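The structure under discussion appears below in the form of structure tokens.
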Amino acid sequence: MRPGSTQAGLIQRDRERLWHPYAPASPDLPLWEVEAADGVRLRLRGEDGECHEVVDAMSSWWSAIHGYRHPVLDAAAKRQLDNFSHVMFGGLTHAPAVELAEHLVEMAPAAAGRPGLERVFLADSGSVAVEVALKLAVQFQTACGRPSRQRFLSIRGGYHGDTFAAMGVCDPVDGMHSAFPGLLAGNVFAPRPPAAASATTEAVQAWATEVAALAEEHHEGLAAIIVEPVLQGAGGMYSYPAECLRELRLTADRFGLLLIFDEIATGFGRTGELFAAGHAGVVPDIMCVGKALTGGYLSLAAMLCTAGVAATVSNSEAGALLHGPTFMGNPLACAVANASLGLIGDGGWRTDVARISSGLESGLAPAGELGAVRDVRTIGAVGVIELHDAVDVTAVTAAAVRRGVWVRPFRNLVYTMPPYISTAADIAQATAGMVGAVTEVHEAGAHDLAVAGRGGAA
Ligand code: PMP
């Protein structure tokens, strides 16, 4: 902070210079300054100068699963910092990257009789990992003598990132297609699978038949199927039956499509399995991970694929996977990721996620009684209050902060995915704050929804 400046001064300086996610360059949006972060708690300072210690119910958008300032992650970062922070990855390698690739391959979904995921591309963010996955699929099809296969089959309600190819496979209506009509490819979208809570075998079968029909109709132009397995995040915190993944595997195999699972949000235990693919015992040909990979410390993501896909592209006329970012395999990020995967490797996450899941279920249940609430649901360590109408993001966020909870609602959803280290008391505080904030803002009846809408949902 500049000498003599105040919190309001810092926030004002931010407003004059910075963009925030999915926000206008506007002076009007409320901001809090983070003064400190430790364990599951953030110390926030509001514009009025008031200080709030809050439980972070968002894990900084799915990433900080072990909480802030974790001693093991801090030590790993410091160790690597004392060695070297970054080197280019072209023509050079280093232990943190090699160990991370080995770690990821070892953890990746596996099933008897199906090739595993054995080859790793380290990318700098989730969106980039998705770009690389899509590129790889197209290059694979070209290498197989099918150069017309340049498009993708996805499902409605998906979200895969903000870069162009990734946006192109996001939901075509709720995503950003309308803003960039000339730039987003004409991908094919199947309906959203039936909701997990109410799906019948017949509904799943009817959906699978529709997907297969679309694949049959378009397969000569399709390289791959891409989905977020079991839980669609930013597209609506919507969960669907694992059985649908088995159907997608069958359809992909039948029509020569690769199957890509975007596990960027769902990976590393969040839904109750190490990867959401594990709910179905399905192994994709390509998988993307990110977010929690470094425990929320640094930006890093990875794309994993089978040895067969990697060999086909490598032995093709192109002779290489055509991607290579400057910060590929950043050693500092890889070292922290290794430490984070080490913590996951002790298996404690499974009990933590189950414990948090039941805490969320009981803590959020009272929201089901509210008139403004359409649905309350929990999947793994994710809890959702879905309203009938758009959330007043500004008012609900402020009301939750006053109750000692940090949430970032979007559209009609107030949701939480707490750090795995959250105690029963933390979860009780988070859920009570969410229910209290929704009650205060949306049950009063007279409240004018001045600022309703997006809020951002990375
Ligand atoms: N895929 C999914 C499922 C995501 O939730 C996100 C995060 N918004 C992304 C891709 C993009 O990741 P990133 O924000 O790191 O680019």
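Just remember, in the structure tokens the first chain shown is A, the second B, etc., residues are 1-based per chain, and ligands are 1-based in the order shown.
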Taking a cut-off of 10 Å and counting only C-alpha atoms and all ligand atoms, can you build a table that, for each residue of chain A near ligand 1, reports the nearest atom pair and how far apart they are in Å (one decimal), sorted by chain then residue number, as CSV?
residue,atom,partner,partner_atom_place_in_ligand_line,distance
A:Pro21,CA,ligand 1,14 (O),9.9
A:Trp61,CA,ligand 1,7 (C),7.8
A:Trp62,CA,ligand 1,5 (O),8.2
A:Ser63,CA,ligand 1,15 (O),9.5
A:Ala123,CA,ligand 1,15 (O),9.7
A:Asp124,CA,ligand 1,15 (O),7.9
A:Ser125,CA,ligand 1,15 (O),4.1
A:Gly126,CA,ligand 1,12 (O),3.3
A:Ser127,CA,ligand 1,16 (O),3.6
A:Val128,CA,ligand 1,16 (O),6.3
A:Ala129,CA,ligand 1,16 (O),7.9
A:Val130,CA,ligand 1,10 (C),6.7
A:Glu131,CA,ligand 1,10 (C),9.6
A:Gly158,CA,ligand 1,3 (C),7.7
A:Tyr159,CA,ligand 1,3 (C),5.5
A:His160,CA,ligand 1,1 (N),3.6
A:Gly161,CA,ligand 1,11 (C),3.7
A:Asp162,CA,ligand 1,16 (O),6.4
A:Thr163,CA,ligand 1,16 (O),7.7
A:Ala166,CA,ligand 1,10 (C),7.6
A:Met167,CA,ligand 1,10 (C),9.4
A:Cys170,CA,ligand 1,1 (N),9.1
A:Val227,CA,ligand 1,3 (C),8.4
A:Glu228,CA,ligand 1,3 (C),5.8
A:Pro229,CA,ligand 1,3 (C),9.0
A:Leu231,CA,ligand 1,3 (C),8.8
A:Gln232,CA,ligand 1,3 (C),7.0
A:Gly233,CA,ligand 1,5 (O),5.7
A:Ala234,CA,ligand 1,5 (O),5.9
A:Gly235,CA,ligand 1,5 (O),8.7
A:Phe261,CA,ligand 1,3 (C),9.1
A:Asp262,CA,ligand 1,3 (C),5.6
A:Glu263,CA,ligand 1,3 (C),6.2
A:Ile264,CA,ligand 1,2 (C),4.9
A:Ala265,CA,ligand 1,5 (O),4.7
A:Thr266,CA,ligand 1,3 (C),7.3
A:Gly267,CA,ligand 1,3 (C),9.5
A:Cys288,CA,ligand 1,1 (N),8.0
A:Val289,CA,ligand 1,1 (N),8.2
A:Gly290,CA,ligand 1,15 (O),6.3
A:Lys291,CA,ligand 1,15 (O),6.0
A:Ala292,CA,ligand 1,15 (O),9.8
A:Ser299,CA,ligand 1,15 (O),7.2
A:Leu300,CA,ligand 1,15 (O),7.7
A:Ala301,CA,ligand 1,15 (O),7.2
A:Gly456,CA,ligand 1,8 (N),9.1
A:Ala457,CA,ligand 1,8 (N),6.7
A:Ala458,CA,ligand 1,8 (N),3.3
>> as a list of chain:residue names, please: every residue in stretch 160-221 of chain A that a backbone DSSP assignment puts in helix (DSSP H, G or I).
In response: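 Those residues are A:Phe164, A:Ala165, A:Ala166, A:Met167, A:Gly168, A:His177, A:Ser178, A:Ala179, A:Thr201, A:Glu202, A:Ala203, A:Val204, A:Gln205, A:Ala206, A:Trp207, A:Ala208, A:Thr209, A:Glu210, A:Val211, A:Ala212, A:Ala213, A:Leu214, A:Ala215, A:Glu216, A:Glu217, A:His218, A:His219, A:Glu220, A:Gly221.
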> Do you have the atom CA of A:Ala64-atom CA of A:Asp285 distance handy?
Replying inline: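 Rounded to one decimal, the two atoms are 27.5 Å apart.
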>> I need the residue nearest A:Asp253 from this list: A:Leu304, A:Met237, A:Ala215, A:Ala311. Use only C-alpha atoms for the distance.
In response: A:Ala215
>> I want to know what sits within 10 Å of stretch 324-326 of chain A, based on only C-alpha atoms, with residues of the same chain fewer than 5 positions away left out; could you give that as a VMD selection string?
In response: chain A and resid 86 to 90 121 to 124 128 132
> Could you pull out all residues of stretch 171-356 of chain A with a DSSP call of strand (DSSP E) and give them as JSON, numbers by chain?
Replying inline: {"A": [188, 189, 190, 222, 223, 224, 225, 226, 227, 231, 232, 238, 239, 258, 259, 260, 261, 262, 286, 287, 288, 289, 301, 302, 303, 304, 305, 306]}
> Between A:Gly236, A:Ala190, A:Phe327, A:Asp82, which has the minimum distance to A:Asp174 (counting only C-alpha atoms)?
Replying inline: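 Closest candidate: A:Gly236.
For the pair atom CA of A:Trp19 and atom CA of A:Gly168, the interatomic distance is 23.1 Å.
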> Excluding same-chain residues fewer than 3 positions from A:Thr439, what lies within 9 Å of it counting only C-alpha atoms, as a PyMOL selection string?
Replying inline: chain A and resi 367+370+372+434-436+442-444
Residues within 12 Å of A:Pro366, only C-alpha atoms, excluding chain neighbours under 6 positions, as a compact mmCIF listing (two decimals) with N, CA and C atoms, in the first residue's frame:
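Heads up, here's the output in result_31.txt:
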# COMPACT_ATOMS: atom_id res chain seq x y z
N LEU A 360 -22.77 -30.06 4.57
CA LEU A 360 -23.43 -29.15 3.63
C LEU A 360 -24.91 -29.52 3.50
N VAL A 373 -36.49 -20.20 -2.98
CA VAL A 373 -35.56 -21.26 -3.35
C VAL A 373 -36.25 -22.34 -4.18
N ASP A 375 -34.34 -25.13 -5.43
CA ASP A 375 -33.73 -26.44 -5.18
C ASP A 375 -32.51 -26.26 -4.28
N VAL A 376 -32.27 -27.28 -3.47
CA VAL A 376 -31.05 -27.32 -2.67
C VAL A 376 -30.41 -28.66 -2.96
N ARG A 377 -29.11 -28.66 -3.34
CA ARG A 377 -28.49 -29.95 -3.66
C ARG A 377 -27.03 -29.97 -3.24
N ILE A 385 -27.54 -23.68 -3.40
CA ILE A 385 -28.91 -23.18 -3.22
C ILE A 385 -29.30 -22.54 -4.53
N THR A 431 -22.64 -22.58 5.88
CA THR A 431 -24.02 -22.87 5.45
C THR A 431 -25.01 -21.92 6.13
N ALA A 432 -24.77 -21.64 7.41
CA ALA A 432 -25.68 -20.71 8.12
C ALA A 432 -25.59 -19.33 7.46
N GLY A 433 -24.39 -18.94 7.08
CA GLY A 433 -24.22 -17.63 6.43
C GLY A 433 -24.93 -17.57 5.09
N MET A 434 -24.85 -18.66 4.34
CA MET A 434 -25.51 -18.69 3.03
C MET A 434 -27.03 -18.63 3.18
N VAL A 435 -27.54 -19.48 4.08
CA VAL A 435 -29.00 -19.52 4.26
C VAL A 435 -29.48 -18.18 4.81
N GLY A 436 -28.71 -17.64 5.76
CA GLY A 436 -29.08 -16.34 6.36
C GLY A 436 -29.08 -15.23 5.32
N VAL A 438 -29.40 -15.47 2.02
CA VAL A 438 -30.50 -15.65 1.05
C VAL A 438 -31.82 -15.22 1.70
N THR A 439 -32.01 -15.59 2.96
CA THR A 439 -33.24 -15.23 3.66
C THR A 439 -33.36 -13.71 3.76
